[in-house]
Structures are given as C-alpha cells and as structure tokens.
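Pasting my_file.txt here (compact mmCIF, C-alpha atoms and all ligand atoms):
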```
# COMPACT_ATOMS: atom_id res chain seq x y z
CA MET P 18 -14.29 58.62 67.53
CA ARG P 19 -14.04 61.92 65.72
CA SER P 20 -17.43 63.11 66.87
CA ALA P 21 -16.62 62.12 70.46
CA THR P 22 -13.59 64.40 70.37
CA VAL P 23 -15.69 67.23 69.05
CA VAL P 24 -18.26 66.78 71.81
CA LEU P 25 -15.52 66.73 74.41
CA CYS P 26 -13.92 69.91 73.11
CA ALA P 27 -17.27 71.66 72.92
CA ALA P 28 -18.04 70.70 76.48
CA PHE P 29 -14.63 71.82 77.61
CA ALA P 30 -14.95 75.17 75.88
CA LEU P 31 -18.37 75.70 77.39
CA SER P 32 -17.35 74.81 80.90
CA ALA P 33 -14.33 77.07 80.61
CA LEU P 34 -16.71 79.82 79.62
CA VAL P 35 -19.24 79.41 82.39
CA GLY P 36 -16.90 77.93 84.94
CA ALA P 37 -19.20 75.00 85.65
CA GLU P 38 -17.71 71.70 86.65
CA GLU P 39 -18.06 69.18 83.88
CA TYR P 40 -18.12 65.51 84.62
CA GLN P 41 -19.40 62.60 82.62
CA ALA P 42 -19.07 59.22 84.26
CA SER P 43 -17.92 56.57 81.82
CA VAL P 44 -19.67 53.19 81.76
CA TYR P 45 -16.48 51.61 80.36
CA GLY P 46 -14.81 50.15 83.40
CA MET P 47 -17.57 51.31 85.70
CA GLN P 48 -18.17 48.71 88.42
CA GLY P 49 -21.18 47.71 90.48
CA LEU P 50 -20.36 47.25 94.15
CA LYS P 51 -22.46 45.69 96.88
CA VAL P 52 -21.35 47.25 100.13
CA SER P 53 -22.31 45.70 103.46
CA CYS P 54 -22.28 48.02 106.45
CA ASP P 55 -22.70 46.46 109.87
CA SER P 56 -23.08 49.76 111.66
CA GLU P 57 -24.76 53.10 111.25
CA GLU P 58 -21.36 54.84 111.08
CA LYS P 59 -20.20 52.70 108.19
CA LEU P 60 -23.45 53.29 106.34
CA ASN P 61 -23.05 57.02 106.85
CA LEU P 62 -19.52 56.94 105.52
CA VAL P 63 -20.66 55.14 102.37
CA ARG P 64 -23.57 57.52 101.99
CA SER P 65 -21.26 60.49 102.20
CA TYR P 66 -20.38 59.69 98.58
CA GLU P 67 -24.00 60.06 97.51
CA ASN P 68 -23.68 63.54 96.03
CA GLU P 69 -20.32 63.00 94.39
CA PRO P 70 -20.00 62.78 90.64
CA GLY P 71 -19.14 59.30 89.47
CA PHE P 72 -21.24 57.61 92.16
CA ASP P 73 -24.64 56.27 91.32
CA PHE P 74 -26.46 54.76 94.26
CA LEU P 75 -28.89 52.19 92.95
CA ARG P 76 -30.07 50.81 96.22
CA VAL P 77 -29.65 52.37 99.62
CA ALA P 78 -31.76 51.09 102.43
CA ARG P 79 -31.86 52.78 105.80
CA ASP P 80 -31.63 49.33 107.25
CA ASN P 81 -27.91 48.58 107.48
CA ARG P 82 -28.49 44.85 107.04
CA VAL P 83 -29.40 45.43 103.38
CA PRO P 84 -26.30 45.94 101.23
CA VAL P 85 -25.89 49.24 99.43
CA GLU P 86 -25.65 48.85 95.66
CA VAL P 87 -23.64 51.50 93.93
CA LEU P 88 -22.16 52.01 90.48
CA VAL P 89 -18.75 53.64 90.59
CA ALA P 90 -17.07 55.35 87.64
CA PRO P 91 -13.63 53.96 86.72
CA ASP P 92 -11.77 57.07 87.83
CA GLN P 93 -13.29 56.94 91.32
CA LEU P 94 -12.94 53.23 91.96
CA GLN P 95 -9.51 53.15 93.52
CA ARG P 96 -10.19 55.93 95.99
CA PHE P 97 -13.54 54.45 97.01
CA LYS P 98 -12.25 50.90 97.48
CA ARG P 99 -9.30 52.19 99.47
CA ASP P 100 -11.64 54.08 101.77
CA LEU P 101 -13.82 50.99 102.26
CA LEU P 102 -10.83 48.81 103.09
CA ALA P 103 -9.39 51.38 105.48
CA ASN P 104 -12.67 51.43 107.37
CA ALA P 105 -13.16 47.66 107.41
CA ILE P 106 -16.28 47.88 105.26
CA ASP P 107 -17.07 44.70 103.34
CA PHE P 108 -17.83 44.88 99.67
CA GLU P 109 -18.26 42.64 96.71
CA VAL P 110 -17.99 43.53 93.02
CA PHE P 111 -21.29 42.41 91.50
CA VAL P 112 -20.71 43.97 88.07
CA GLU P 113 -17.13 43.85 86.78
CA ASP P 114 -17.72 46.24 83.92
CA VAL P 115 -21.06 47.97 83.47
CA SER P 116 -20.46 48.51 79.74
CA LYS P 117 -20.21 44.73 79.22
CA VAL P 118 -23.56 44.13 80.92
CA ILE P 119 -25.15 46.86 78.83
CA ASP P 120 -23.66 45.41 75.65
CA GLU P 121 -25.05 41.99 76.53
CA GLU P 122 -28.48 43.46 77.15
CA LEU P 123 -28.37 45.49 73.94
CA ALA P 124 -27.34 42.40 71.96
CA LEU P 125 -30.31 40.46 73.37
CA GLN P 126 -32.52 43.44 72.68
CA LYS P 127 -31.32 43.58 69.08
CA ARG P 128 -31.85 39.88 68.54
CA ALA P 129 -35.31 40.01 70.10
CA ARG P 130 -36.25 42.95 67.88
CA MET P 131 -35.39 41.02 64.74
CA ASN P 132 -37.93 38.24 65.12
CA ARG P 133 -40.87 40.02 66.56
CA ALA P 134 -42.96 41.17 63.62
CA GLY P 135 -46.57 41.29 64.72
CA PRO P 136 -49.84 42.34 63.13
CA ARG P 137 -50.28 46.04 62.42
CA GLY P 138 -51.59 48.07 65.30
CA SER P 139 -50.19 45.70 67.89
CA ILE P 140 -47.02 45.98 69.92
CA SER P 141 -44.50 43.28 70.58
CA LEU P 142 -43.09 42.93 74.06
CA LYS P 143 -40.37 40.48 73.07
CA ALA P 144 -38.00 43.45 73.19
CA PHE P 145 -38.20 46.76 75.02
CA PRO P 146 -40.35 48.99 72.83
CA LYS P 147 -39.01 52.28 71.54
CA TYR P 148 -40.79 55.54 72.25
CA GLU P 149 -42.10 55.80 68.68
CA GLU P 150 -43.52 52.27 68.85
CA ILE P 151 -45.37 53.08 72.05
CA VAL P 152 -46.83 56.23 70.49
CA ALA P 153 -47.92 54.29 67.39
CA TYR P 154 -49.49 51.59 69.57
CA VAL P 155 -51.44 54.08 71.66
CA ASP P 156 -52.77 55.76 68.51
CA ALA P 157 -53.68 52.44 66.93
CA LEU P 158 -55.57 51.33 70.06
CA ALA P 159 -57.58 54.53 70.12
CA LYS P 160 -58.71 53.71 66.59
CA SER P 161 -59.28 49.98 66.95
CA HIS P 162 -60.96 50.25 70.38
CA SER P 163 -62.52 53.67 70.17
CA GLU P 164 -65.40 52.67 72.51
CA ILE P 165 -63.04 52.27 75.43
CA VAL P 166 -59.76 54.00 74.56
CA GLU P 167 -58.96 57.63 74.13
CA ALA P 168 -55.39 58.66 73.30
CA PHE P 169 -54.09 62.00 74.48
CA SER P 170 -50.92 63.97 74.99
CA ILE P 171 -50.37 65.74 78.28
CA GLY P 172 -47.90 68.09 76.61
CA LYS P 173 -44.51 68.20 74.95
CA SER P 174 -41.14 67.23 76.36
CA PHE P 175 -38.18 69.61 76.30
CA GLU P 176 -37.12 68.32 72.88
CA GLY P 177 -40.68 68.50 71.61
CA ARG P 178 -41.86 64.91 71.90
CA ASP P 179 -45.47 64.27 72.84
CA ILE P 180 -45.99 62.80 76.29
CA VAL P 181 -48.71 60.40 75.31
CA GLY P 182 -51.26 58.50 77.32
CA VAL P 183 -54.49 56.57 77.17
CA LYS P 184 -57.74 56.94 79.02
CA ILE P 185 -59.40 53.56 79.37
CA SER P 186 -63.05 53.94 80.21
CA SER P 187 -66.44 52.33 79.71
CA GLY P 188 -67.85 55.78 79.05
CA GLY P 189 -71.06 57.08 80.55
CA ALA P 190 -71.87 60.43 81.98
CA GLY P 191 -69.95 62.30 84.65
CA SER P 192 -66.45 61.79 85.86
CA LYS P 193 -65.61 58.58 87.60
CA PRO P 194 -62.98 58.04 90.25
CA SER P 195 -59.75 57.14 88.54
CA LEU P 196 -56.54 55.18 88.73
CA PHE P 197 -53.58 57.03 87.26
CA ILE P 198 -50.39 55.23 86.24
CA ASP P 199 -47.22 56.72 84.84
CA ALA P 200 -43.86 55.19 84.01
CA GLY P 201 -40.50 56.12 82.63
CA ILE P 202 -39.92 59.34 84.54
CA HIS P 203 -36.40 57.95 84.92
CA ALA P 204 -35.04 57.30 81.45
CA ARG P 205 -33.03 54.12 81.99
CA GLU P 206 -35.65 52.18 83.93
CA TRP P 207 -36.88 50.38 80.84
CA ILE P 208 -38.92 47.74 82.66
CA ALA P 209 -41.25 50.52 83.84
CA PRO P 210 -42.62 51.66 80.45
CA SER P 211 -42.81 48.05 79.28
CA SER P 212 -44.90 47.13 82.33
CA ALA P 213 -47.20 50.09 81.70
CA VAL P 214 -47.62 49.00 78.08
CA TYR P 215 -48.33 45.45 79.22
CA ALA P 216 -51.08 46.79 81.48
CA ILE P 217 -52.64 48.83 78.66
CA LYS P 218 -52.56 45.76 76.42
CA GLN P 219 -54.23 43.57 79.02
CA LEU P 220 -56.88 46.09 79.93
CA VAL P 221 -57.84 46.83 76.36
CA GLU P 222 -57.11 43.79 74.24
CA ASN P 223 -58.27 41.17 76.73
CA ALA P 224 -62.04 41.46 77.00
CA THR P 225 -62.15 39.43 80.20
CA ASN P 226 -60.49 42.41 81.87
CA HIS P 227 -63.03 45.00 80.76
CA HIS P 228 -65.10 44.66 83.95
CA ILE P 229 -62.16 46.26 85.79
CA PHE P 230 -63.18 49.64 84.42
CA ASP P 231 -66.97 49.31 84.65
CA ASN P 232 -67.10 51.99 87.33
CA ILE P 233 -63.72 53.68 87.17
CA ASP P 234 -61.49 55.39 84.61
CA ILE P 235 -57.89 54.35 84.13
CA TYR P 236 -55.21 56.68 82.80
CA VAL P 237 -51.81 55.41 81.74
CA VAL P 238 -48.89 57.60 80.65
CA PRO P 239 -46.25 55.00 79.72
CA VAL P 240 -43.25 57.25 79.01
CA LEU P 241 -43.25 60.42 81.07
CA ASN P 242 -39.70 61.36 80.05
CA PRO P 243 -39.61 60.56 76.34
CA ASP P 244 -36.41 62.53 75.62
CA GLY P 245 -34.47 60.64 78.24
CA TYR P 246 -36.02 57.32 77.26
CA SER P 247 -35.11 57.86 73.60
CA TYR P 248 -31.60 58.89 74.59
CA THR P 249 -31.04 55.63 76.48
CA HIS P 250 -31.97 53.69 73.36
CA LYS P 251 -29.10 55.27 71.42
CA SER P 252 -25.91 53.57 72.55
CA THR P 253 -24.00 51.79 75.28
CA SER P 254 -22.64 55.05 76.64
CA THR P 255 -26.07 56.67 76.94
CA ARG P 256 -27.93 53.62 78.29
CA MET P 257 -27.61 54.70 81.93
CA TRP P 258 -29.12 58.18 81.53
CA ARG P 259 -31.65 59.00 84.27
CA LYS P 260 -32.68 62.62 83.92
CA THR P 261 -34.60 64.73 81.43
CA ARG P 262 -32.62 66.25 78.53
CA SER P 263 -33.23 69.92 79.23
CA VAL P 264 -30.58 72.56 78.73
CA HIS P 265 -30.19 75.20 81.42
CA LYS P 266 -28.45 78.50 81.01
CA SER P 267 -26.42 78.29 84.16
CA SER P 268 -24.57 75.07 83.32
CA SER P 269 -23.19 72.91 80.59
CA CYS P 270 -24.59 69.81 82.24
CA ILE P 271 -27.83 68.53 80.81
CA GLY P 272 -31.03 67.37 82.46
CA VAL P 273 -32.95 67.39 85.70
CA ASP P 274 -34.03 64.49 87.88
CA ALA P 275 -37.73 64.89 87.19
CA ASN P 276 -38.51 62.96 90.36
CA ARG P 277 -36.92 65.71 92.44
CA ASN P 278 -38.68 68.48 90.52
CA PHE P 279 -42.21 68.46 92.00
CA GLU P 280 -43.28 71.31 94.20
CA TYR P 281 -43.79 69.72 97.56
CA GLU P 282 -41.00 70.26 100.07
CA TRP P 283 -38.88 70.78 96.95
CA MET P 284 -35.10 70.62 97.56
CA THR P 285 -35.43 70.01 101.28
CA VAL P 286 -33.67 66.65 101.34
CA GLY P 287 -32.08 63.98 99.13
CA ALA P 288 -31.83 66.26 96.10
CA SER P 289 -28.98 68.24 94.63
CA SER P 290 -28.67 71.83 93.47
CA SER P 291 -25.72 70.89 91.27
CA PRO P 292 -26.77 70.65 87.59
CA CYS P 293 -24.25 67.89 86.95
CA SER P 294 -25.67 65.62 89.65
CA ASP P 295 -27.92 62.72 88.74
CA ILE P 296 -30.35 63.90 91.40
CA TYR P 297 -30.37 67.57 90.32
CA ALA P 298 -33.71 69.02 91.42
CA GLY P 299 -33.73 71.69 88.72
CA PRO P 300 -33.38 75.49 88.90
CA LYS P 301 -36.87 75.64 90.42
CA ALA P 302 -39.80 73.31 91.06
CA PHE P 303 -41.63 72.36 87.86
CA SER P 304 -38.82 73.75 85.72
CA GLU P 305 -39.26 70.74 83.44
CA PRO P 306 -42.00 70.69 80.80
CA GLU P 307 -42.57 67.01 81.62
CA THR P 308 -43.32 67.54 85.32
CA ALA P 309 -45.35 70.70 84.63
CA ALA P 310 -47.42 68.76 82.08
CA LEU P 311 -48.14 65.99 84.58
CA ARG P 312 -49.10 68.58 87.21
CA ASP P 313 -51.55 70.35 84.89
CA PHE P 314 -53.08 67.15 83.63
CA ILE P 315 -53.67 65.68 87.07
CA LEU P 316 -55.01 68.94 88.49
CA GLY P 317 -57.36 69.11 85.50
CA LEU P 318 -58.73 65.62 86.13
CA LYS P 319 -59.72 66.19 89.76
CA SER P 320 -60.62 62.49 89.94
CA VAL P 321 -57.42 60.63 90.76
CA LYS P 322 -57.99 58.36 93.71
CA VAL P 323 -54.95 56.11 93.35
CA TYR P 324 -51.68 57.12 91.72
CA LEU P 325 -48.96 54.65 90.75
CA THR P 326 -45.58 55.62 89.33
CA PHE P 327 -43.39 52.83 87.95
CA HIS P 328 -39.65 52.82 88.54
CA SER P 329 -36.93 50.21 88.81
CA TYR P 330 -35.39 48.54 90.58
CA GLY P 331 -35.61 47.08 94.05
CA GLN P 332 -39.02 45.46 94.57
CA TYR P 333 -40.43 48.12 96.84
CA LEU P 334 -43.97 49.41 97.11
CA LEU P 335 -43.26 52.86 98.50
CA HIS P 336 -45.83 55.31 99.77
CA PRO P 337 -45.39 58.91 100.98
CA TRP P 338 -43.67 60.60 102.46
CA GLY P 339 -40.33 60.79 100.75
CA PHE P 340 -39.16 63.90 102.60
CA THR P 341 -39.74 62.98 106.23
CA THR P 342 -39.76 59.91 108.43
CA ALA P 343 -43.17 61.01 109.72
CA LEU P 344 -46.03 58.97 108.30
CA PRO P 345 -49.14 60.30 106.56
CA LYS P 346 -52.40 60.05 108.52
CA ASN P 347 -53.78 57.43 106.16
CA GLU P 348 -50.73 55.18 106.52
CA PRO P 349 -52.85 52.22 107.66
CA VAL P 350 -54.87 52.40 104.44
CA LEU P 351 -51.75 52.87 102.31
CA ARG P 352 -50.21 49.83 103.94
CA CYS P 353 -53.31 47.67 103.79
CA ALA P 354 -53.96 48.25 100.07
CA ALA P 355 -50.28 47.68 99.30
CA GLU P 356 -50.25 44.43 101.28
CA LYS P 357 -53.22 43.11 99.31
CA ALA P 358 -51.62 44.10 96.01
CA GLU P 359 -48.31 42.57 97.01
CA ALA P 360 -49.92 39.30 98.05
CA GLU P 361 -51.68 38.98 94.69
CA LEU P 362 -48.50 39.82 92.79
CA ALA P 363 -46.48 37.28 94.76
CA LYS P 364 -48.88 34.45 93.89
CA LEU P 365 -47.65 34.27 90.30
CA ARG P 366 -44.00 33.42 90.80
CA GLY P 367 -43.11 34.31 94.34
CA THR P 368 -41.76 37.82 93.73
CA ARG P 369 -41.81 39.66 97.03
CA TYR P 370 -41.94 43.41 97.56
CA GLN P 371 -41.11 45.37 100.65
CA ILE P 372 -43.77 47.87 101.71
CA GLY P 373 -43.33 51.14 103.56
CA SER P 374 -42.81 54.86 103.27
CA SER P 375 -40.05 56.00 100.90
CA THR P 376 -38.08 57.66 103.65
CA ASN P 377 -38.35 54.76 106.03
CA VAL P 378 -37.54 51.88 103.75
CA LEU P 379 -35.37 53.50 101.08
CA TYR P 380 -34.07 57.02 101.60
CA ALA P 381 -35.34 60.54 102.01
CA ALA P 382 -35.71 62.36 98.69
CA ALA P 383 -38.00 65.35 98.32
CA GLY P 384 -39.73 66.55 95.17
CA GLY P 385 -41.06 63.17 94.04
CA SER P 386 -44.25 62.88 92.01
CA ASP P 387 -45.87 60.57 94.59
CA ASP P 388 -45.58 63.10 97.41
CA TRP P 389 -46.97 65.87 95.22
CA VAL P 390 -49.92 63.83 93.96
CA MET P 391 -50.96 62.90 97.48
CA GLY P 392 -49.90 66.05 99.29
CA VAL P 393 -51.09 68.64 96.79
CA ALA P 394 -53.29 67.09 94.12
CA GLY P 395 -55.38 65.23 96.69
CA ALA P 396 -55.11 61.61 95.60
CA GLU P 397 -56.13 59.24 98.36
CA LEU P 398 -53.26 56.83 97.79
CA ALA P 399 -49.96 57.24 95.95
CA TYR P 400 -47.18 54.72 95.41
CA THR P 401 -43.81 54.44 93.79
CA VAL P 402 -43.53 50.91 92.48
CA GLU P 403 -39.89 49.85 92.26
CA LEU P 404 -40.16 46.93 89.86
CA PRO P 405 -37.70 44.03 89.83
CA GLY P 406 -34.56 44.50 87.79
CA GLY P 407 -33.21 40.99 87.49
CA ILE P 408 -29.61 40.36 88.41
CA HIS P 409 -28.42 43.27 86.32
CA GLY P 410 -30.63 45.98 87.72
CA PHE P 411 -31.26 48.47 84.96
CA ALA P 412 -30.44 46.05 82.24
CA PRO P 413 -32.90 43.19 82.67
CA PRO P 414 -33.00 40.86 79.67
CA PRO P 415 -35.99 41.37 77.39
CA LYS P 416 -37.37 37.99 78.42
CA GLU P 417 -38.26 39.59 81.76
CA ILE P 418 -40.71 42.02 80.13
CA VAL P 419 -43.74 39.76 80.09
CA PRO P 420 -43.28 38.00 83.46
CA VAL P 421 -42.76 41.33 85.22
CA GLY P 422 -45.64 42.90 83.30
CA ARG P 423 -47.90 40.00 84.21
CA GLU P 424 -47.23 40.01 87.93
CA THR P 425 -47.38 43.80 88.10
CA PHE P 426 -50.79 43.66 86.45
CA GLU P 427 -52.02 41.57 89.40
CA ALA P 428 -51.13 44.45 91.71
CA ILE P 429 -52.74 46.98 89.37
CA LYS P 430 -56.02 45.03 89.57
CA VAL P 431 -56.04 45.34 93.36
CA PHE P 432 -55.48 49.10 93.19
CA ALA P 433 -58.23 49.36 90.57
CA SER P 434 -60.66 47.60 92.88
CA PHE P 435 -59.66 49.98 95.64
CA VAL P 436 -60.65 52.87 93.36
CA ASP P 437 -63.91 51.00 92.82
CA ASN P 438 -64.43 50.72 96.62
CA LYS P 439 -64.05 46.97 96.53
CA VAL P 440 -60.98 46.63 98.72
N1 LIG R 1 -35.95 55.53 93.44
C1 LIG R 1 -36.90 56.61 93.49
C2 LIG R 1 -36.19 57.94 93.29
O1 LIG R 1 -35.06 58.07 93.71
C3 LIG R 1 -37.66 56.59 94.76
C4 LIG R 1 -38.67 57.67 94.90
C5 LIG R 1 -39.52 57.49 96.11
N2 LIG R 1 -40.37 58.61 96.34
C6 LIG R 1 -39.96 59.74 96.91
N3 LIG R 1 -40.81 60.72 96.99
N4 LIG R 1 -38.78 59.87 97.41
O2 LIG R 1 -36.70 58.82 92.69
ZN ZN R 2 -36.52 55.73 89.25
```
For this file, produce the structure as structure tokens.
Ligand code: ARG
Ligand code: ZN
Amino acid sequence: MRSATVVLCAAFALSALVGAEEYQASVYGMQGLKVSCDSEEKLNLVRSYENEPGFDFLRVARDNRVPVEVLVAPDQLQRFKRDLLANAIDFEVFVEDVSKVIDEELALQKRARMNRAGPRGSISLKAFPKYEEIVAYVDALAKSHSEIVEAFSIGKSFEGRDIVGVKISSGGAGSKPSLFIDAGIHAREWIAPSSAVYAIKQLVENATNHHIFDNIDIYVVPVLNPDGYSYTHKSTSTRMWRKTRSVHKSSSCIGVDANRNFEYEWMTVGASSSPCSDIYAGPKAFSEPETAALRDFILGLKSVKVYLTFHSYGQYLLHPWGFTTALPKNEPVLRCAAEKAEAELAKLRGTRYQIGSSTNVLYAAAGGSDDWVMGVAGAELAYTVELPGGIHGFAPPPKEIVPVGRETFEAIKVFASFVDNKV
C-alpha cells in the first residue's frame, strides 16, 4: 500500500512537471463488455472510444455482425454504458470484474507451477513459463541437441534482457529457405510464447519431426518483448500490460506498442501518437530496441520465406496488409496456404480460424511486424496468428497451453512444407 502511494505521488509530480496526461486504468472493477452493433453507425460510435484511455478493444471486427469485445476501466463504465443505452446499442457484460478473472488465472498458474518439477534441461508446460525459464530451456537445448539447435540472442530489450531464439537446422552448406516465428511482442498474450515453446519442443525433442527441417531452417524467437512479458508475471495489476517498458523523455507514460513501431506506413492508421495509449506507435519507427533487433536480425538472414507472429486472441489467421483494405498481389497464395494450415489445425479438436487480411477482417493498424516483413524484408508470406484465448481472453487457464500448442503446431507444419515447396 505504502509503495503504491509513493508511485502515485512520483507519477503525479512528474506529470505536473512535463504536463503530460497521466492515466492508469485499474483492473479492479474493470469490466469486459460484448457490444453488438446492428449498423455501421453504431459500430462507428463504439469505435470512437478506441483511442480513449480506459478503453481496451480486444476484438473489433469490421463485420458488424461480430460483437465488439472491450475492457472498460471502472471510472469510464458509467459514461460508456449510458452512451450505449442512449443509442439503443445492445451489450452484455461478459467479465464482471477483470481483476477476479486474473486472480483466478494466477491461482491456477501458481498451483500448476507447484507440481511440475521435470528433469533438468526440460521445460514444463503445465503452467505458463517465465522468461528466465524459457531462456534456460533454449540454452539447455543448444547443449543437449547441438547437432540441430543453435541458441542466439537478437539483441537486448530496453531493460537489458536478451531477446533469445533458436535456429533449428539439419546443417549442411549454404543458407536454406527459412520459416521464422516470433511470439510475445504483446506482453500479456501469454498463450503466444507458450505455443512457440511447444513448437520448439516438438521440433527438437521429438525425432519423428526432424524431417520437417531436412531442407529448411526454422527460427523461433519465443519472447520478443521480454520486459513486458516479465512485467505481466509480477502481479494482478500488471497482468494486462501490452507494450514494451521503455521510458521516453517526452512523457511519464511508459512503453510503446511494438506492433505499431515497424517502419512501413508507420503511424498512418490505427496507431496513436499519445504515449499513454496502449497503441502508442512510439516517437519514431523502430524507436524500440526490440523491434530494431528483429529488423536487423531478419535483414541479416535474407532467407525468410514465411513469417509467423503469434498473438492472442481471436482465432484469426491474418495476412497483410494491416494499413489498407487493398490486398497484396500474392493474396491468392496467402489465402491458399492459410486455408491448408487452418484445415489441418481444425482436425485436432475443431478449432476454427477466420482467414483474411488484417484490415479486412479485423481493423486497420499500421506499423505491424507482418507488414514490414513482407513489404520491406521480402518474405513471401507473412501472418499474424491470433491464437484462441478461451473464455477469458488473455487469461486462459494453464490447461489450455498444451492443446493450443498442439493444434498450432499442425498449422506450423503446413507453413514449413510451404517453405520446402511442398504445398
Ligand atoms: N491484434 C494485432 C494488433 O493489434 C493485429 C495485428 C495485425 N497486423 C497488422 N499489421 N495490423 O497488433
Ligand atoms: Zn497482440
């Protein structure tokens, strides 16, 4: 309690100094609302809240038959609900109190962590792994499977953490076409890093999967935003953090939405120039060490044929572009490969994904890694994979880790065979 007061005073003093608006949405009393708009006008009215502090749009589809899912801070709830009622817009409260859902998830997480001791050098996926555990696992794999695994760091995060990854390869001369996967660019989307780790585990520890990389190289960076990811592991009140943890001179608000920070149509749409916003694009493109590190690493490889970036949630397989409704020239190929991957994934337990361009099925948002990798770095195909989130969105219970990892791996195999010219 005492330290909270101190933090508050410090923030107040700072904002008084620089004159920046300071707003921290509280998860205590925050509600999740599903809002159904039966017309374009109603959808537009709801979307007019998108840039306001205290509103966190989890799911916005351009299609007004799909309900909008939004988290609303306690101090904004009354005003928002009043506006919805006044405009005859239907809504349903699907989370009564976000902090309660987070506490439930954290309790399960804690319990799962207690009984999950495994052999040294392995990683348990009974609970969501911490950043340090992922780093230790990657290092251990590089030692125990040195013929096929190389561990690397693409650079340091703002707070100085290594952004680690593995290259999974059968070796041989020359550079092979590659599949590149990253996860965890958004801190709170825990099912993304866990699915990336699951894939690494399957590819390396299960010998029947080794043929997948006979002719291709696979790179996986499981936690692209390690500062943010670590921050969300701290407490209930930090669990919903999305951005990086960088400090910028011009504001007392922390962090940048790394997925608005790539230099391709940067800041043209669906991004904010306000440092306190959850979709703050940063003071300039590639202002974040994390995005700059990814840029340099991918440009250095020159071999990435398919790029996948794991997010949650929504069950979407999104391809470029995220800044315009216009489609890339290779849209038929993007769609065809995604349809094959989706069909394989769905076979396991019927999970269905919607396929399409980010702008057309979700919303326009420029500066995403997928657009940059395809538009600038020259990958043939790039996708944002919005994994399932369970009923609670960002707080899926740990028992979802393996089933989601398993089905996602089915899709990964299809993209790997595309890299290998087999699709
Ligand atoms: N939910 C993701 C985000 O908001 C979607 C990104 C899709 N890609 C894009 N370039 N807009 O970052
Ligand atoms: Zn995300």
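Between CA of Val63 (chain P) and CA of Asp120 (chain P) lies a distance of 28.6 Å.
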10 Å shell around ligand LIG 1 (chain R) using all atoms listed in the file, listed as an MDAnalysis selection string: chainID P and resid 74:77 202:203 259 274:277 279 281 286:288 295:296 326:331 333:341 374:376 378:389 399:403
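The smallest atom-to-atom distance between Lys173 (chain P) and any of P:Ile229, P:Thr308, P:Phe108, P:Gly46, using only C-alpha atoms, is found for P:Thr308.
Rounded to one decimal, CA of Asn232 (chain P) and CA of Ser187 (chain P) lie 7.7 Å from each other.
Comparing the minimum interatomic distances between Pro243 (chain P) and each of P:Arg178, P:His228, P:Lys218, P:Arg256, counting only C-alpha atoms, we find that P:Arg178 sits nearest.
For the pair CA of Gln95 (chain P) and CA of Asn81 (chain P), the interatomic distance is 23.5 Å.
Using all atoms listed in the file, the contacts of region 50-58 of chain P at a cut-off of 9 Å, with sequence neighbours closer than 5 positions omitted, comprise Val63, Arg79, Asp80, Asn81, Arg82, Val83, Pro84, Val85, Glu86, Val87, Leu88, Val89, Leu101, Ile106, Asp107, Phe108, Glu109, Val110, Phe111, Val112 and Glu113 of chain P.
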For C-alpha atoms, I'd like the residues from the last selection saved as a tab-separated table (two decimals), in the coordinates of the input.
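File written: again00.tsv
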```
chain	number	residue	atom	x	y	z
P	63	VAL	CA	-20.66	55.14	102.37
P	79	ARG	CA	-31.86	52.78	105.80
P	80	ASP	CA	-31.63	49.33	107.25
P	81	ASN	CA	-27.91	48.58	107.48
P	82	ARG	CA	-28.49	44.85	107.04
P	83	VAL	CA	-29.40	45.43	103.38
P	84	PRO	CA	-26.30	45.94	101.23
P	85	VAL	CA	-25.89	49.24	99.43
P	86	GLU	CA	-25.65	48.85	95.66
P	87	VAL	CA	-23.64	51.50	93.93
P	88	LEU	CA	-22.16	52.01	90.48
P	89	VAL	CA	-18.75	53.64	90.59
P	101	LEU	CA	-13.82	50.99	102.26
P	106	ILE	CA	-16.28	47.88	105.26
P	107	ASP	CA	-17.07	44.70	103.34
P	108	PHE	CA	-17.83	44.88	99.67
P	109	GLU	CA	-18.26	42.64	96.71
P	110	VAL	CA	-17.99	43.53	93.02
P	111	PHE	CA	-21.29	42.41	91.50
P	112	VAL	CA	-20.71	43.97	88.07
P	113	GLU	CA	-17.13	43.85	86.78
```
Test item: residues at most 12 Å from Glu121 (chain P), only C-alpha atoms, excluding those fewer than 5 positions along its chain, as a PyMOL selection string: chain P and resi 114-116+126-128+253+409+412-415
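Comparing the minimum interatomic distances between Ser247 (chain P) and each of P:Thr261, P:Ser139, P:Ser268, P:Gln41, counting all atoms listed in the file, we find that P:Thr261 sits nearest.
With distances taken over all atoms listed in the file, P:Ile208 is the one residue among P:Leu398, P:Ile208, P:Leu351, P:Leu311 lying closest to ligand ZN 2 (chain R).
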Shell of 10 Å around Gly245 (chain P), only C-alpha atoms, local chain residues under 3 positions omitted, as a list in words: Ser174, Phe175, Glu176, Gly201, Ile202, His203, Ala204, Arg205, Val240, Leu241, Asn242, Tyr248, Thr249, His250, Thr255, Arg256, Met257, Trp258, Arg259, Lys260, Thr261, Arg262, Ser263 and Gly272 of chain P
For ligand ZN 2 (chain R), the nearest of the candidates P:Asn377, P:Lys322, P:Glu206, P:Ile372, counting only C-alpha atoms and all ligand atoms: P:Glu206
Nearest to ligand ZN 2 (chain R), chosen from P:Tyr236, P:Trp207, P:Phe72, P:Phe435, with all atoms listed in the file counted in the distances: P:Trp207
